[in-house]
Structures are given as structure tokens and as C-alpha cells.
Protein chains: 2
Amino acid sequence: MSDTPTLSSALLDKAVDEFSKLPGIGRKTALRLVLHLLKLEPSAVDTFAQSLTNLCHDVHYCHQCHNISDTDLCAICSNPLRDGTQVCVVENFQDVMALEATTQYHGLYHVLGGVISPMDGISPSDLEIESLVERVHQGGVEEVILALSSTMEGDTTNFYIYRRLQDVHDLKITTLARGISINDELQYTDEVTLGRSLVNRVPFSF
Amino acid sequence: MSDTPTLSSALLDKAVDEFSKLPGIGRKTALRLVLHLLKLEPSAVDTFAQSLTNLCHDVHYCHQCHNISDTDLCAICSNPLRDGTQVCVVENFQDVMALEATTQYHGLYHVLGGVISPMDGISPSDLEIESLVERVHQGGVEEVILALSSTMEGDTTNFYIYRRLQDVHDLKITTLARGISINDELQYTDEVTLGRSLVNRVPFSF
């Protein structure tokens, strides 16, 4: 029995094809989704299709922080209550969402769009690093918080940005604390994390 | 931390909303799919959206067997090599695909669009039963094969169709053989299936 039986309708086949191009969606799931859409009112499917078209044609990226936005300057950058002296450098849009969900950060962001990765052909010029350097040189920024993943690529990117910014007068460059996760047990923590959390120990507070 | 953080773009939010209406797709998966689409060329997304719109507006149902089709008469019904004297009654389009995948059936189909289910408010008039009775009365059909699920609802529908067709002269009404699945072990088979496969035993052949 074939996993990809020929469908009786070329239209159906085309829709299933398109759905199965999405990450994590195989042909069986695609068929289930398409048959669900077939049962809906055509107007509901039009709304669905329209929302995708609108997204791809009308979405903006904030010209200051390069986050996804509906406007030229995003809601975070244009919020006068946010602290413009702090800029948190992240890899992508999801990282902004994760940090915003903590409600602990009140500064601005800078979305790089990835990390330096020679293996994947991503060089500094493919990322929003130049615009970050310019932004810092324009003044007003007192602290740059590097919040990239602690992978080889993330560390390389951190170091590259550090080198580009180290000569800026009175600029504090910080990075996220690494240590044992809240609720994690000591005995199951890997030695690198445990070692680093010992070296970077902080005064006890309650 | 909320499972549904506010997104920085209403367009993005709308697209994620629409995706998460699909069965089995939550907001996190929806966001992942939408961010994937955002990375594509706008023309690729247009093709995706267009395929859905086309599907819902232009899809036909075969006027004879009610299967999904691009034409008024589907590829199976219009194929002169198929045996028009046999009509296999199935619940939906996926059942046609499953039977076609066996390559053991060369007759035609009749897609009911569901089974009788008073609990879900589905009565015989909501299904393509009247058209099946008409089709049989028009002549040319020698055997109706009932291939519905062996659930309470399936059995009810089988019985209803049987009652509607039992008076047709020279019509054979059959149903799929129920028994132990190929490769299944006797000791793990449920007693109803085992009992029925004993009653309906067939001559040994090899």
C-alpha cells in the first residue's frame, strides 16, 4: 500500500501537496487538514487564505529593532514607558516573545535574524549586526544585553558583537546568567553548567 | 507564563488564529507554521493560499457516486474498464482511497457522506441513501457491497439500506468479511471477532 495514494481530484492533490510542504506535516496529516477545510463554508476558507496572503505582503519589520511589526516602528520601540538605554540582542522573534512573557524586561530589543554560522553560510553581513553597531554609535544606549543561545554559533556571535562594541565609551555589555534551572536537581546538572554556576555564584538573597 | 502570548503584529496574530482553528493544531504549532511561511517567497504563499481558495470554490462531487472529483462524473465512474454492475457503499472519501489502495476492487462506489447517527442528528435524509436507491432502481447494478464501519451506527445504516433495497429483483447485497486480521494472533483476538470468523469459516485454499 502506497503512503501517497493518487487522489481523485487534482485540486485536492494540489492543496494536499501545499500543506505537506509545511514543516512537520506529512501527506496523511495534510489530507486530514484539507478534508477539514472542505467541510467548512467557502467563506471561512477564503478568510484563512486571505490572512496568509495579507501576512506575507503586508508584514513590516521594525526599522529600529527588526522585530515583526504592523508598523514601521514596532509597539515596543515606540512605547515611551520602555527604557531606551537598554538593548537586548536576540536571535529571532520567538526569543522576543519568550523574554516579553517573563515581564522582567523593560528595555528595547534588537533582532539579529540568526547567528553567525559558517557551516550554514551565515556571515555577520547576513545579520542585523551593522545596524546594531550604528544604533549604539548614535548614542543613548548604555547597556547591550547579549541574549543568544549558548551554542558554538551563539558564542561566536556574542564574541563578534563584543569585539565590534568594546571600544564604545561607557557602554556596558552584559549577557544572560547561566546556571542551574529553577527546580533542577544538582546531581542531574551537567558539569559545565554546574561549574559555571559555581564560578559565577551570587550573594544569597531572599 | 501564558500559552498564548500577544504577538507584536495583528497580521501575524490573525494568521496564527486561522491556523490554530485546524484540527490538531495548537497555537504554538500554528506560530511555527506561520513563521515558516513568513520566511518563504510571497509568491509561494500566494500559491498555497490560491490552492485552498480553488479547492473550496471549484471542487465538484461526482453526480453518480458523490466522491470528490474535478469533473461532473469522477474518474472511477467514467472509467469504461470498471465493472458497473458492482457498487460498493462507503462512508467517505478516505474509505474510497483505502479500498482503491488494495487494488482488489474493480467496481464502482457510492459515497454516503456519513452514517445514520441520531446522537449527532444525522438522519437517512442527510446522507446519499435516496440517490443510491434510485441508482439501483435505474438498473444495471447486480451487487451492492456494504462497506461501512462495524459500529452501532454503521450497522444501523447497513440495515436501513438493506431494508430499502431488499425488494429489488435479482440484487445481491453483500458486506465485507469480518474476521481475524492477517498476522493477528488468535489468543489476542476479541471474542466477537473470533466467534464471527468461526461461524463464517471458508473452505481452505492455497
# chains A, B, ... in the order shown; residues from 1 in each chain; ligands from 1
call {"tool": "interface_residues", "arguments": {"of": "chain B", "to": "chain A", "cutoff": "7 Å", "atoms": "only C-alpha atoms", "output": "PyMOL selection string"}}
result
chain B and resi 1+5+8-12+14-15+18+22-23+33+38+42+45-46+48-49+51-53+55-57+59+68-70+75+101-102
call {"tool": "residues_around", "arguments": {"residues": "Asp170 in chain A", "least_positions_apart": "6", "cutoff": "10 Å", "atoms": "only C-alpha atoms", "output": "ChimeraX atom specification"}}
result
/A:141-143
call {"tool": "residues_around", "arguments": {"residues": "range 119-126 of chain A", "least_positions_apart": "2", "cutoff": "12 Å", "atoms": "only C-alpha atoms", "output": "number ranges by chain"}}
result
A: 112-117, 128-133, 152-153, 156-161, 164
call {"tool": "select_by_dssp", "arguments": {"residues": "chain B", "states": "helix (DSSP H, G or I)", "output": "VMD selection string"}}
result
chain B and resid 10 to 19 27 to 39 42 to 58 93 to 102 118 to 120 124 to 126 129 to 137 152 to 165 186 to 188 191 to 199
call {"tool": "select_by_dssp", "arguments": {"residues": "range 60-171 of chain B", "states": "strand (DSSP E or B)", "output": "PyMOL selection string"}}
result
chain B and resi 60-61+68-69+83-90+107-111+117+122+143-146
call {"tool": "atom_distance", "arguments": {"atom1": "CA of Gly140 in chain B", "atom2": "CA of Leu73 in chain B"}}
result
17.3 Å
call {"tool": "closest_residue", "arguments": {"among": "B:Leu194, B:Leu186, B:Ile145, B:Val111", "to": "Tyr162 in chain B", "atoms": "only C-alpha atoms"}}
result
B:Ile145
call {"tool": "residues_around", "arguments": {"residues": "range 88-90 of chain B", "least_positions_apart": "5", "cutoff": "6 Å", "atoms": "only C-alpha atoms", "output": "list of chain:residue names"}}
result
B:Tyr109, B:His110, B:Val111, B:Val144, B:Ile145, B:Leu146, B:Ala147, B:Leu148
call {"tool": "write_last_selection", "arguments": {"atoms": "N, CA and C atoms", "output": "PDB file, in the first residue's frame"}}
result
ATOM      1  N   TYR B 109     -18.282   2.949  -6.831  1.00  0.00           N
ATOM      2  CA  TYR B 109     -18.535   3.291  -5.425  1.00  0.00           C
ATOM      3  C   TYR B 109     -19.821   4.087  -5.271  1.00  0.00           C
ATOM      4  N   HIS B 110     -20.249   4.207  -4.028  1.00  0.00           N
ATOM      5  CA  HIS B 110     -21.286   5.172  -3.685  1.00  0.00           C
ATOM      6  C   HIS B 110     -20.932   5.737  -2.313  1.00  0.00           C
ATOM      7  N   VAL B 111     -20.601   7.034  -2.281  1.00  0.00           N
ATOM      8  CA  VAL B 111     -20.142   7.662  -1.033  1.00  0.00           C
ATOM      9  C   VAL B 111     -21.342   8.273  -0.303  1.00  0.00           C
ATOM     10  N   VAL B 144     -24.655  -4.882  -4.506  1.00  0.00           N
ATOM     11  CA  VAL B 144     -24.336  -3.747  -3.650  1.00  0.00           C
ATOM     12  C   VAL B 144     -23.502  -4.292  -2.491  1.00  0.00           C
ATOM     13  N   ILE B 145     -22.266  -3.783  -2.358  1.00  0.00           N
ATOM     14  CA  ILE B 145     -21.380  -4.236  -1.282  1.00  0.00           C
ATOM     15  C   ILE B 145     -21.410  -3.186  -0.175  1.00  0.00           C
ATOM     16  N   LEU B 146     -21.890  -3.559   0.994  1.00  0.00           N
ATOM     17  CA  LEU B 146     -21.950  -2.609   2.101  1.00  0.00           C
ATOM     18  C   LEU B 146     -20.599  -2.623   2.821  1.00  0.00           C
ATOM     19  N   ALA B 147     -19.870  -1.505   2.769  1.00  0.00           N
ATOM     20  CA  ALA B 147     -18.525  -1.451   3.367  1.00  0.00           C
ATOM     21  C   ALA B 147     -18.458  -0.343   4.398  1.00  0.00           C
ATOM     22  N   LEU B 148     -19.401  -0.329   5.334  1.00  0.00           N
ATOM     23  CA  LEU B 148     -19.388   0.695   6.391  1.00  0.00           C
ATOM     24  C   LEU B 148     -18.664   0.157   7.619  1.00  0.00           C
TER      25      LEU B 148
END
call {"tool": "atom_distance", "arguments": {"atom1": "CA of Thr175 in chain B", "atom2": "CA of Asn92 in chain B"}}
result
16.4 Å
call {"tool": "atom_distance", "arguments": {"atom1": "CA of Asn79 in chain B", "atom2": "CA of Arg135 in chain B"}}
result
17.4 Å
call {"tool": "decode", "arguments": {"residues": "range 164-178 of chain A", "atoms": "all heavy atoms", "output": "short mmCIF file (atom, residue, chain, number, x, y, z; two decimals), in the first residue's frame"}}
result
data_model
loop_
_atom_site.label_atom_id
_atom_site.label_comp_id
_atom_site.auth_asym_id
_atom_site.auth_seq_id
_atom_site.Cartn_x
_atom_site.Cartn_y
_atom_site.Cartn_z
N ARG A 164 33.07 44.28 18.23
CA ARG A 164 32.64 45.45 17.47
C ARG A 164 32.25 46.60 18.39
O ARG A 164 32.27 47.75 17.99
CB ARG A 164 31.43 45.10 16.58
CG ARG A 164 31.73 44.16 15.42
CD ARG A 164 32.66 44.78 14.38
NE ARG A 164 32.17 46.06 13.88
CZ ARG A 164 31.35 46.19 12.85
NH1 ARG A 164 30.96 45.12 12.17
NH2 ARG A 164 30.94 47.38 12.46
N LEU A 165 31.86 46.26 19.63
CA LEU A 165 31.32 47.29 20.52
C LEU A 165 32.24 47.65 21.69
O LEU A 165 31.94 48.57 22.45
CB LEU A 165 29.95 46.85 21.07
CG LEU A 165 28.81 46.70 20.08
CD1 LEU A 165 27.57 46.17 20.80
CD2 LEU A 165 28.49 48.03 19.41
N GLN A 166 33.34 46.92 21.84
CA GLN A 166 34.13 47.08 23.07
C GLN A 166 34.75 48.47 23.23
O GLN A 166 35.05 48.89 24.35
CB GLN A 166 35.21 45.98 23.17
CG GLN A 166 36.28 46.05 22.10
CD GLN A 166 37.32 44.96 22.24
OE1 GLN A 166 37.44 44.35 23.30
NE2 GLN A 166 38.08 44.70 21.19
N ASP A 167 34.94 49.18 22.08
CA ASP A 167 35.59 50.48 22.17
C ASP A 167 34.61 51.62 22.42
O ASP A 167 35.02 52.77 22.57
CB ASP A 167 36.37 50.76 20.87
CG ASP A 167 37.50 49.75 20.70
OD1 ASP A 167 37.99 49.25 21.74
OD2 ASP A 167 37.87 49.46 19.54
N VAL A 168 33.32 51.30 22.43
CA VAL A 168 32.34 52.36 22.65
C VAL A 168 32.45 52.81 24.11
O VAL A 168 32.40 52.00 25.03
CB VAL A 168 30.91 51.87 22.33
CG1 VAL A 168 29.90 52.98 22.61
CG2 VAL A 168 30.82 51.39 20.90
N HIS A 169 32.59 54.11 24.28
CA HIS A 169 32.82 54.68 25.61
C HIS A 169 31.61 54.49 26.52
O HIS A 169 30.47 54.74 26.11
CB HIS A 169 33.14 56.17 25.45
CG HIS A 169 33.55 56.81 26.74
ND1 HIS A 169 34.69 56.43 27.43
CD2 HIS A 169 32.97 57.80 27.48
CE1 HIS A 169 34.80 57.16 28.53
NE2 HIS A 169 33.76 57.99 28.60
N ASP A 170 31.86 54.03 27.74
CA ASP A 170 30.80 53.94 28.76
C ASP A 170 29.67 52.98 28.41
O ASP A 170 28.55 53.13 28.90
CB ASP A 170 30.18 55.32 29.02
CG ASP A 170 30.84 55.96 30.24
OD1 ASP A 170 31.62 55.25 30.93
OD2 ASP A 170 30.60 57.14 30.50
N LEU A 171 29.92 52.01 27.52
CA LEU A 171 28.87 51.03 27.18
C LEU A 171 29.08 49.77 28.01
O LEU A 171 30.18 49.22 28.04
CB LEU A 171 28.92 50.68 25.69
CG LEU A 171 27.88 49.64 25.23
CD1 LEU A 171 26.48 50.24 25.25
CD2 LEU A 171 28.21 49.13 23.84
N LYS A 172 28.02 49.33 28.70
CA LYS A 172 28.09 48.10 29.47
C LYS A 172 27.62 46.97 28.55
O LYS A 172 26.56 47.07 27.94
CB LYS A 172 27.14 48.24 30.67
CG LYS A 172 27.55 47.42 31.86
CD LYS A 172 26.97 47.94 33.16
CE LYS A 172 25.47 47.79 33.24
NZ LYS A 172 24.90 48.22 34.54
N ILE A 173 28.41 45.91 28.45
CA ILE A 173 27.97 44.76 27.64
C ILE A 173 27.78 43.59 28.61
O ILE A 173 28.72 43.17 29.28
CB ILE A 173 29.01 44.39 26.56
CG1 ILE A 173 29.26 45.60 25.64
CG2 ILE A 173 28.53 43.21 25.74
CD1 ILE A 173 30.27 45.36 24.54
N THR A 174 26.56 43.10 28.71
CA THR A 174 26.27 42.01 29.65
C THR A 174 25.70 40.81 28.88
O THR A 174 25.38 40.90 27.70
CB THR A 174 25.25 42.44 30.71
OG1 THR A 174 24.07 42.87 30.04
CG2 THR A 174 25.77 43.58 31.56
N THR A 175 25.58 39.70 29.58
CA THR A 175 24.95 38.53 28.96
C THR A 175 24.05 37.88 30.00
O THR A 175 24.15 38.16 31.20
CB THR A 175 26.02 37.56 28.42
OG1 THR A 175 25.36 36.44 27.81
CG2 THR A 175 26.93 37.05 29.52
N LEU A 176 23.14 37.02 29.56
CA LEU A 176 22.22 36.36 30.48
C LEU A 176 22.99 35.46 31.44
O LEU A 176 23.99 34.87 31.05
CB LEU A 176 21.21 35.50 29.71
CG LEU A 176 20.21 36.21 28.82
CD1 LEU A 176 19.23 35.20 28.26
CD2 LEU A 176 19.47 37.31 29.57
N ALA A 177 22.51 35.37 32.70
CA ALA A 177 23.13 34.46 33.66
C ALA A 177 22.88 33.02 33.22
O ALA A 177 21.78 32.67 32.82
CB ALA A 177 22.55 34.69 35.04
N ARG A 178 23.94 32.20 33.29
CA ARG A 178 23.78 30.77 33.02
C ARG A 178 23.92 30.05 34.35
O ARG A 178 24.77 30.42 35.17
CB ARG A 178 24.87 30.24 32.08
CG ARG A 178 25.00 30.98 30.79
CD ARG A 178 23.91 30.59 29.83
NE ARG A 178 23.98 31.40 28.63
CZ ARG A 178 23.06 31.41 27.69
NH1 ARG A 178 21.98 30.66 27.80
NH2 ARG A 178 23.18 32.17 26.63
#
